[in-house]
Amino acid sequence: MRAVLFDLDGTLVDSSQGITRSVQYALKHFGIEETDIAKLYSFIGPPLFENFKRQYQFSDEQAGEAVKKYRERYNETGIFECSLYPRAAHCIRTLKGEGYLIGLASSKPEIFCKRILGHFGILDLFDEVVGDTMDGKRSSKRQVLEEIFGRWSRIEKESMCLVGDTVFDVKGAKEVDIPCVVVTYGFGDLEEMKEAGADAVCHSMDELPEVLGKLL
């Protein structure tokens, strides 16, 4: 049995508006008026807690408070300020028709992932949805993938592939020894992803079934 694991933000969903606006909301709580939206794209994909520390030199306490403020807005408004990428649903249905198991592997809290997939009417296409816990105990891509391995213990790792859009996806996949296909329309840097060891590149979802057929 072959399995495809999709990242969410930047891979299946363009969530840039909801995430960046919610980051701005959190930063404003600390008196920071961030108007450079491009700078905030770095918050799409990696764990929020670590990113607030890295980008704004927040302490652990400040980063924790920033995440709470972020979710204050995101949970009510930002979560649905997003759009499904073209052909994403069609691609998933094609892969299911070819016999693949379909999983979601996101650093976003699992409860948010399910709400977003349900919002776009594609939650039922997924055989498993795994994301972070609300307390951040499963925030890294490696931890998310290891949780999937536990839930899908019957599936050989050699039969799984991650599809993502950032270097964090590539590194996470490498840490657990599964291949990673990267998409170019998301928020990651292609050269950086290649240097990290991306196994294949897709410029659109329509290319993915053929690429996966060669990897798995």
# chains A, B, ... in the order shown; residues from 1 in each chain; ligands from 1

call {"tool": "residues_around", "arguments": {"residues": "Leu8 of chain A", "least_positions_apart": "5", "cutoff": "8 Å", "atoms": "only C-alpha atoms", "output": "ChimeraX atom specification"}}
result
/A:13,104-106,113,164

call {"tool": "write_last_selection", "arguments": {"atoms": "N, CA, C and O atoms", "output": "short mmCIF file (atom, residue, chain, number, x, y, z; two decimals), in the first residue's frame"}}
result
data_model
loop_
_atom_site.label_atom_id
_atom_site.label_comp_id
_atom_site.auth_asym_id
_atom_site.auth_seq_id
_atom_site.Cartn_x
_atom_site.Cartn_y
_atom_site.Cartn_z
N VAL A 13 -3.11 24.58 0.41
CA VAL A 13 -3.88 25.79 0.68
C VAL A 13 -2.97 27.02 0.70
O VAL A 13 -1.89 27.00 1.28
N LEU A 104 -2.53 13.80 5.83
CA LEU A 104 -2.09 15.19 5.99
C LEU A 104 -1.06 15.23 7.10
O LEU A 104 -1.25 14.61 8.16
N ALA A 105 0.05 15.94 6.86
CA ALA A 105 1.11 16.06 7.85
C ALA A 105 1.47 17.54 7.97
O ALA A 105 2.23 18.07 7.17
N SER A 106 0.92 18.19 8.98
CA SER A 106 1.09 19.65 9.12
C SER A 106 1.57 20.02 10.51
O SER A 106 1.25 19.35 11.49
N CYS A 113 -6.42 22.00 11.16
CA CYS A 113 -6.30 21.31 9.87
C CYS A 113 -7.63 20.70 9.44
O CYS A 113 -8.05 20.85 8.29
N GLY A 164 5.59 18.71 0.11
CA GLY A 164 5.61 19.96 0.85
C GLY A 164 6.15 21.12 0.03
O GLY A 164 6.45 20.96 -1.16
#

call {"tool": "select_by_dssp", "arguments": {"residues": "segment 121-205 of chain A", "states": "strand (DSSP E or B)", "output": "PyMOL selection string"}}
result
chain A and resi 128-132+160-164+180-183+200-202

call {"tool": "residues_around", "arguments": {"residues": "Ile111 of chain A", "least_positions_apart": "5", "cutoff": "10 Å", "atoms": "only C-alpha atoms", "output": "number ranges by chain"}}
result
A: 116, 129-134

call {"tool": "residues_around", "arguments": {"residues": "Ala66 of chain A", "least_positions_apart": "3", "cutoff": "9 Å", "atoms": "only C-alpha atoms", "output": "number ranges by chain"}}
result
A: 23, 26-27, 29-30, 48-49, 52, 58, 61-63, 69-71

call {"tool": "write_last_selection", "arguments": {"atoms": "all heavy atoms", "output": "compact mmCIF listing (two decimals), in the first residue's frame"}}
result
# COMPACT_ATOMS: atom_id res chain seq x y z
N VAL A 23 -0.36 37.10 12.47
CA VAL A 23 0.97 37.41 13.02
C VAL A 23 1.04 38.91 13.32
O VAL A 23 1.54 39.32 14.38
CB VAL A 23 2.09 37.00 12.05
CG1 VAL A 23 3.44 37.52 12.56
CG2 VAL A 23 2.15 35.49 11.90
N ALA A 26 -0.70 39.58 16.51
CA ALA A 26 0.09 39.16 17.67
C ALA A 26 1.22 40.13 17.95
O ALA A 26 1.48 40.49 19.11
CB ALA A 26 0.64 37.75 17.44
N LEU A 27 1.89 40.58 16.91
CA LEU A 27 3.00 41.51 17.08
C LEU A 27 2.53 42.85 17.63
O LEU A 27 3.22 43.49 18.44
CB LEU A 27 3.73 41.71 15.75
CG LEU A 27 4.50 40.50 15.22
CD1 LEU A 27 5.04 40.79 13.81
CD2 LEU A 27 5.65 40.11 16.15
N HIS A 29 0.32 43.38 19.72
CA HIS A 29 0.17 43.22 21.16
C HIS A 29 1.45 43.62 21.89
O HIS A 29 1.41 44.08 23.04
CB HIS A 29 -0.20 41.77 21.48
CG HIS A 29 -0.26 41.45 22.94
ND1 HIS A 29 -1.26 41.91 23.76
CD2 HIS A 29 0.58 40.72 23.73
CE1 HIS A 29 -1.05 41.47 24.99
NE2 HIS A 29 0.05 40.74 25.00
N PHE A 30 2.59 43.46 21.21
CA PHE A 30 3.90 43.81 21.78
C PHE A 30 4.38 45.18 21.31
O PHE A 30 5.54 45.53 21.51
CB PHE A 30 4.93 42.74 21.40
CG PHE A 30 4.66 41.40 22.01
CD1 PHE A 30 3.89 40.45 21.35
CD2 PHE A 30 5.18 41.07 23.26
CE1 PHE A 30 3.64 39.21 21.91
CE2 PHE A 30 4.93 39.84 23.84
CZ PHE A 30 4.15 38.90 23.17
N LEU A 48 5.15 28.15 15.01
CA LEU A 48 5.02 29.57 15.37
C LEU A 48 5.93 29.95 16.53
O LEU A 48 6.59 31.00 16.49
CB LEU A 48 3.57 29.87 15.75
CG LEU A 48 2.54 29.89 14.64
CD1 LEU A 48 1.14 29.97 15.24
CD2 LEU A 48 2.77 31.05 13.69
N PHE A 49 5.95 29.14 17.56
CA PHE A 49 6.71 29.46 18.77
C PHE A 49 8.17 29.73 18.43
O PHE A 49 8.74 30.76 18.83
CB PHE A 49 6.59 28.29 19.76
CG PHE A 49 7.32 28.51 21.06
CD1 PHE A 49 6.73 29.22 22.09
CD2 PHE A 49 8.59 27.98 21.26
CE1 PHE A 49 7.40 29.42 23.30
CE2 PHE A 49 9.28 28.17 22.45
CZ PHE A 49 8.67 28.89 23.47
N PHE A 52 8.63 33.01 16.22
CA PHE A 52 8.58 34.27 16.94
C PHE A 52 9.91 34.53 17.67
O PHE A 52 10.39 35.67 17.72
CB PHE A 52 7.42 34.28 17.96
CG PHE A 52 6.09 34.65 17.38
CD1 PHE A 52 5.04 33.75 17.37
CD2 PHE A 52 5.88 35.91 16.83
CE1 PHE A 52 3.80 34.09 16.84
CE2 PHE A 52 4.65 36.27 16.29
CZ PHE A 52 3.60 35.36 16.30
N PHE A 58 12.13 36.99 20.59
CA PHE A 58 11.27 36.87 21.76
C PHE A 58 11.84 35.83 22.73
O PHE A 58 12.45 34.85 22.31
CB PHE A 58 9.86 36.43 21.35
CG PHE A 58 9.00 37.54 20.80
CD1 PHE A 58 9.49 38.82 20.60
CD2 PHE A 58 7.67 37.29 20.48
CE1 PHE A 58 8.69 39.84 20.10
CE2 PHE A 58 6.85 38.30 19.98
CZ PHE A 58 7.37 39.57 19.79
N GLU A 61 8.76 33.04 27.12
CA GLU A 61 7.50 33.56 27.65
C GLU A 61 6.80 34.45 26.64
O GLU A 61 5.59 34.34 26.43
CB GLU A 61 7.77 34.35 28.94
CG GLU A 61 6.51 34.88 29.59
CD GLU A 61 6.78 35.64 30.87
OE1 GLU A 61 7.94 35.66 31.33
OE2 GLU A 61 5.83 36.22 31.44
N GLN A 62 7.56 35.33 25.98
CA GLN A 62 6.98 36.21 24.98
C GLN A 62 6.46 35.42 23.78
O GLN A 62 5.38 35.71 23.25
CB GLN A 62 8.02 37.23 24.51
CG GLN A 62 8.36 38.29 25.52
CD GLN A 62 9.50 39.18 25.05
OE1 GLN A 62 10.50 38.71 24.50
NE2 GLN A 62 9.35 40.49 25.25
N ALA A 63 7.23 34.42 23.34
CA ALA A 63 6.82 33.62 22.20
C ALA A 63 5.54 32.86 22.51
O ALA A 63 4.64 32.75 21.66
CB ALA A 63 7.93 32.64 21.81
N LYS A 69 -1.88 35.04 21.28
CA LYS A 69 -2.51 36.19 20.62
C LYS A 69 -2.79 35.87 19.15
O LYS A 69 -3.84 36.24 18.62
CB LYS A 69 -1.62 37.42 20.73
CG LYS A 69 -1.42 37.94 22.14
CD LYS A 69 -2.73 38.27 22.82
CE LYS A 69 -3.43 39.47 22.20
NZ LYS A 69 -4.66 39.86 22.96
N TYR A 70 -1.85 35.20 18.51
CA TYR A 70 -2.03 34.78 17.11
C TYR A 70 -3.30 33.95 16.98
O TYR A 70 -4.15 34.20 16.11
CB TYR A 70 -0.81 33.98 16.66
CG TYR A 70 -0.96 33.29 15.32
CD1 TYR A 70 -0.54 33.89 14.14
CD2 TYR A 70 -1.54 32.02 15.23
CE1 TYR A 70 -0.68 33.27 12.92
CE2 TYR A 70 -1.69 31.39 14.01
CZ TYR A 70 -1.26 32.00 12.86
OH TYR A 70 -1.42 31.37 11.65
N ARG A 71 -3.44 32.96 17.84
CA ARG A 71 -4.58 32.06 17.75
C ARG A 71 -5.88 32.76 18.12
O ARG A 71 -6.96 32.34 17.68
CB ARG A 71 -4.34 30.83 18.64
CG ARG A 71 -3.28 29.90 18.06
CD ARG A 71 -3.00 28.72 18.97
NE ARG A 71 -2.04 27.80 18.35
CZ ARG A 71 -1.44 26.82 19.00
NH1 ARG A 71 -1.71 26.61 20.29
NH2 ARG A 71 -0.58 26.03 18.38

call {"tool": "select_by_dssp", "arguments": {"residues": "chain A", "states": "alpha helix (DSSP H)", "output": "count of residues only"}}
result
97

call {"tool": "atom_distance", "arguments": {"atom1": "atom CA of Gly172 of chain A", "atom2": "atom CA of His203 of chain A"}}
result
21.0 Å

call {"tool": "closest_residue", "arguments": {"among": "A:Leu125, A:Ile148, A:Lys157, A:Asp9", "to": "Thr94 of chain A", "atoms": "only C-alpha atoms"}}
result
A:Leu125

call {"tool": "atom_distance", "arguments": {"atom1": "atom CA of Tyr100 of chain A", "atom2": "atom CA of Ser159 of chain A"}}
result
9.7 Å

call {"tool": "residues_around", "arguments": {"residues": "Trp152 of chain A", "least_positions_apart": "4", "cutoff": "12 Å", "atoms": "only C-alpha atoms", "output": "list in words"}}
result
Met1, Arg2, Ala3, Leu5, Leu101, Ile102, Gly103, Asp127, Glu128, Val129, Val130, Leu145, Glu146, Glu147, Ile148, Glu156, Lys157, Ser159 and Met160 of chain A

call {"tool": "write_last_selection", "arguments": {"atoms": "all heavy atoms", "output": "short mmCIF file (atom, residue, chain, number, x, y, z; two decimals), in the first residue's frame"}}
result
data_model
loop_
_atom_site.label_atom_id
_atom_site.label_comp_id
_atom_site.auth_asym_id
_atom_site.auth_seq_id
_atom_site.Cartn_x
_atom_site.Cartn_y
_atom_site.Cartn_z
N MET A 1 0.85 -1.19 0.00
CA MET A 1 0.00 0.00 0.00
C MET A 1 0.89 1.25 0.00
O MET A 1 1.75 1.41 0.85
CB MET A 1 -0.91 0.01 1.25
CG MET A 1 -1.79 1.23 1.36
SD MET A 1 -3.10 1.32 0.13
CE MET A 1 -4.21 0.05 0.71
N ARG A 2 0.67 2.12 -0.97
CA ARG A 2 1.43 3.36 -1.05
C ARG A 2 0.65 4.50 -0.38
O ARG A 2 -0.57 4.53 -0.43
CB ARG A 2 1.72 3.72 -2.51
CG ARG A 2 2.59 2.70 -3.24
CD ARG A 2 2.76 3.08 -4.70
NE ARG A 2 1.51 3.07 -5.42
CZ ARG A 2 1.36 3.48 -6.69
NH1 ARG A 2 2.42 3.92 -7.36
NH2 ARG A 2 0.19 3.44 -7.29
N ALA A 3 1.39 5.42 0.23
CA ALA A 3 0.75 6.52 0.95
C ALA A 3 1.40 7.85 0.61
O ALA A 3 2.63 7.95 0.54
CB ALA A 3 0.83 6.28 2.46
N LEU A 5 1.65 11.81 1.85
CA LEU A 5 1.43 12.69 2.99
C LEU A 5 1.58 14.13 2.52
O LEU A 5 2.65 14.52 2.04
CB LEU A 5 2.44 12.38 4.10
CG LEU A 5 2.55 10.91 4.50
CD1 LEU A 5 3.70 10.70 5.46
CD2 LEU A 5 1.24 10.43 5.09
N LEU A 101 -3.12 5.71 -0.17
CA LEU A 101 -3.65 6.25 1.06
C LEU A 101 -3.28 7.73 1.09
O LEU A 101 -2.18 8.10 0.68
CB LEU A 101 -3.06 5.55 2.29
CG LEU A 101 -3.60 4.18 2.68
CD1 LEU A 101 -2.83 3.65 3.88
CD2 LEU A 101 -5.08 4.27 3.01
N ILE A 102 -4.18 8.56 1.57
CA ILE A 102 -3.93 10.01 1.60
C ILE A 102 -3.88 10.49 3.04
O ILE A 102 -4.82 10.29 3.81
CB ILE A 102 -5.03 10.78 0.85
CG1 ILE A 102 -5.20 10.25 -0.58
CG2 ILE A 102 -4.71 12.27 0.85
CD1 ILE A 102 -3.99 10.44 -1.46
N GLY A 103 -2.77 11.13 3.41
CA GLY A 103 -2.63 11.65 4.76
C GLY A 103 -2.26 13.12 4.74
O GLY A 103 -1.73 13.63 3.74
N ASP A 127 -7.38 9.81 4.59
CA ASP A 127 -7.45 8.62 5.43
C ASP A 127 -6.91 8.89 6.83
O ASP A 127 -7.23 8.17 7.77
CB ASP A 127 -6.66 7.48 4.78
CG ASP A 127 -7.21 7.10 3.42
OD1 ASP A 127 -8.29 6.50 3.39
OD2 ASP A 127 -6.58 7.43 2.40
N GLU A 128 -6.08 9.92 6.95
CA GLU A 128 -5.54 10.32 8.26
C GLU A 128 -5.14 11.78 8.21
O GLU A 128 -4.62 12.26 7.19
CB GLU A 128 -4.34 9.46 8.63
CG GLU A 128 -3.85 9.65 10.06
CD GLU A 128 -4.91 9.27 11.09
OE1 GLU A 128 -5.11 8.08 11.35
OE2 GLU A 128 -5.54 10.21 11.62
N VAL A 129 -5.39 12.50 9.29
CA VAL A 129 -4.98 13.90 9.41
C VAL A 129 -4.17 14.05 10.69
O VAL A 129 -4.67 13.76 11.78
CB VAL A 129 -6.21 14.85 9.47
CG1 VAL A 129 -5.75 16.29 9.73
CG2 VAL A 129 -7.00 14.78 8.17
N VAL A 130 -2.93 14.47 10.55
CA VAL A 130 -2.06 14.64 11.72
C VAL A 130 -1.47 16.04 11.71
O VAL A 130 -0.96 16.52 10.69
CB VAL A 130 -0.91 13.61 11.72
CG1 VAL A 130 0.00 13.85 12.93
CG2 VAL A 130 -1.46 12.19 11.77
N LEU A 145 5.45 13.46 11.45
CA LEU A 145 5.63 12.25 10.63
C LEU A 145 5.74 11.01 11.52
O LEU A 145 5.18 9.95 11.18
CB LEU A 145 6.87 12.40 9.76
CG LEU A 145 6.76 13.46 8.65
CD1 LEU A 145 8.11 13.67 7.98
CD2 LEU A 145 5.71 13.06 7.62
N GLU A 146 6.41 11.12 12.63
CA GLU A 146 6.53 9.98 13.53
C GLU A 146 5.17 9.59 14.11
O GLU A 146 4.89 8.41 14.33
CB GLU A 146 7.53 10.29 14.65
CG GLU A 146 8.97 10.31 14.15
CD GLU A 146 9.97 10.72 15.22
OE1 GLU A 146 9.53 11.36 16.21
OE2 GLU A 146 11.17 10.42 15.06
N GLU A 147 4.30 10.58 14.33
CA GLU A 147 2.95 10.29 14.79
C GLU A 147 2.17 9.53 13.71
O GLU A 147 1.42 8.59 14.02
CB GLU A 147 2.22 11.59 15.13
CG GLU A 147 0.76 11.44 15.54
CD GLU A 147 0.57 10.71 16.86
OE1 GLU A 147 1.54 10.60 17.64
OE2 GLU A 147 -0.57 10.24 17.11
N ILE A 148 2.37 9.92 12.46
CA ILE A 148 1.73 9.20 11.36
C ILE A 148 2.21 7.77 11.31
O ILE A 148 1.42 6.83 11.13
CB ILE A 148 2.00 9.91 10.03
CG1 ILE A 148 1.19 11.21 9.94
CG2 ILE A 148 1.65 9.00 8.84
CD1 ILE A 148 1.39 12.00 8.68
N GLU A 156 4.55 0.27 5.43
CA GLU A 156 6.01 0.40 5.40
C GLU A 156 6.41 1.84 5.09
O GLU A 156 5.83 2.48 4.20
CB GLU A 156 6.58 -0.52 4.33
CG GLU A 156 6.35 -2.01 4.57
CD GLU A 156 7.21 -2.54 5.70
OE1 GLU A 156 8.24 -1.92 6.01
OE2 GLU A 156 6.84 -3.60 6.26
N LYS A 157 7.41 2.35 5.79
CA LYS A 157 7.89 3.70 5.54
C LYS A 157 8.36 3.87 4.09
O LYS A 157 8.24 4.94 3.51
CB LYS A 157 9.06 4.05 6.47
CG LYS A 157 8.61 4.48 7.84
CD LYS A 157 9.76 4.73 8.80
CE LYS A 157 10.95 5.39 8.21
NZ LYS A 157 12.00 5.73 9.21
N SER A 159 7.05 2.97 1.59
CA SER A 159 5.91 3.18 0.70
C SER A 159 5.27 4.55 0.89
O SER A 159 4.21 4.82 0.33
CB SER A 159 4.85 2.08 0.95
OG SER A 159 5.37 0.80 0.72
N MET A 160 5.93 5.41 1.68
CA MET A 160 5.37 6.73 1.96
C MET A 160 6.21 7.84 1.34
O MET A 160 7.42 7.71 1.18
CB MET A 160 5.31 6.98 3.48
CG MET A 160 4.40 6.04 4.24
SD MET A 160 4.29 6.55 5.98
CE MET A 160 3.39 5.15 6.68
#

call {"tool": "residues_around", "arguments": {"residues": "Ile44 of chain A", "least_positions_apart": "6", "cutoff": "12 Å", "atoms": "only C-alpha atoms", "output": "number ranges by chain"}}
result
A: 7-11, 13-23, 37-38, 51-52, 106-108, 164-169, 186-188

call {"tool": "write_last_selection", "arguments": {"atoms": "C-alpha atoms", "output": "tab-separated table (two decimals), in the first residue's frame"}}
result
chain	number	residue	atom	x	y	z
A	7	ASP	CA	1.72	19.39	3.99
A	8	LEU	CA	-1.15	21.91	4.26
A	9	ASP	CA	-0.05	25.58	4.19
A	10	GLY	CA	1.64	26.43	0.91
A	11	THR	CA	1.03	22.95	-0.52
A	13	VAL	CA	-3.88	25.79	0.68
A	14	ASP	CA	-2.75	29.38	0.15
A	15	SER	CA	-3.13	30.52	3.73
A	16	SER	CA	-0.86	33.56	3.48
A	17	GLN	CA	-3.53	36.18	4.19
A	18	GLY	CA	-4.90	34.58	7.35
A	19	ILE	CA	-1.47	33.73	8.75
A	20	THR	CA	0.23	37.06	8.07
A	21	ARG	CA	-2.69	39.10	9.39
A	22	SER	CA	-2.79	36.99	12.54
A	23	VAL	CA	0.97	37.41	13.02
A	37	ILE	CA	4.18	41.32	4.60
A	38	ALA	CA	6.95	39.51	2.73
A	51	ASN	CA	9.59	31.49	14.57
A	52	PHE	CA	8.58	34.27	16.94
A	106	SER	CA	1.09	19.65	9.12
A	107	SER	CA	2.74	21.65	11.88
A	108	LYS	CA	-0.57	23.50	12.27
A	164	GLY	CA	5.61	19.96	0.85
A	165	ASP	CA	6.70	23.47	-0.04
A	166	THR	CA	9.48	24.45	2.38
A	167	VAL	CA	12.90	23.31	3.52
A	168	PHE	CA	11.28	22.28	6.82
A	169	ASP	CA	9.31	19.64	4.92
A	186	GLY	CA	4.25	27.62	-2.26
A	187	PHE	CA	6.38	29.72	0.08
A	188	GLY	CA	9.73	27.94	0.14

call {"tool": "closest_residue", "arguments": {"among": "A:Asp177, A:Leu95, A:His90, A:Val170", "to": "Val211 of chain A", "atoms": "only C-alpha atoms"}}
result
A:Leu95

call {"tool": "closest_residue", "arguments": {"among": "A:Thr184, A:Asn75, A:Ser139, A:Ser83", "to": "Leu117 of chain A", "atoms": "only C-alpha atoms"}}
result
A:Ser83

call {"tool": "closest_residue", "arguments": {"among": "A:Phe112, A:Lys171, A:Leu12, A:Pro179", "to": "Arg87 of chain A", "atoms": "only C-alpha atoms"}}
result
A:Leu12

call {"tool": "atom_distance", "arguments": {"atom1": "atom CA of Cys202 of chain A", "atom2": "atom CA of Ala88 of chain A"}}
result
12.5 Å

call {"tool": "closest_residue", "arguments": {"among": "A:Lys194, A:Val181, A:Pro46, A:Thr35", "to": "Glu210 of chain A", "atoms": "only C-alpha atoms"}}
result
A:Val181

call {"tool": "closest_residue", "arguments": {"among": "A:Glu191, A:Tyr41, A:Lys28, A:Lys141", "to": "Val176 of chain A", "atoms": "only C-alpha atoms"}}
result
A:Lys141

call {"tool": "closest_atom_pairs", "arguments": {"of": "segment 109-188 of chain A", "to": "segment 206-209 of chain A", "cutoff": "10 Å", "atoms": "only C-alpha atoms", "output": "Markdown table"}}
result
| residue | atom | partner | partner_atom | distance |
| --- | --- | --- | --- | --- |
| A:Val163 | CA | A:Leu208 | CA | 9.0 |
| A:Val181 | CA | A:Leu208 | CA | 8.4 |
| A:Val182 | CA | A:Leu208 | CA | 9.7 |
| A:Val183 | CA | A:Leu208 | CA | 9.0 |
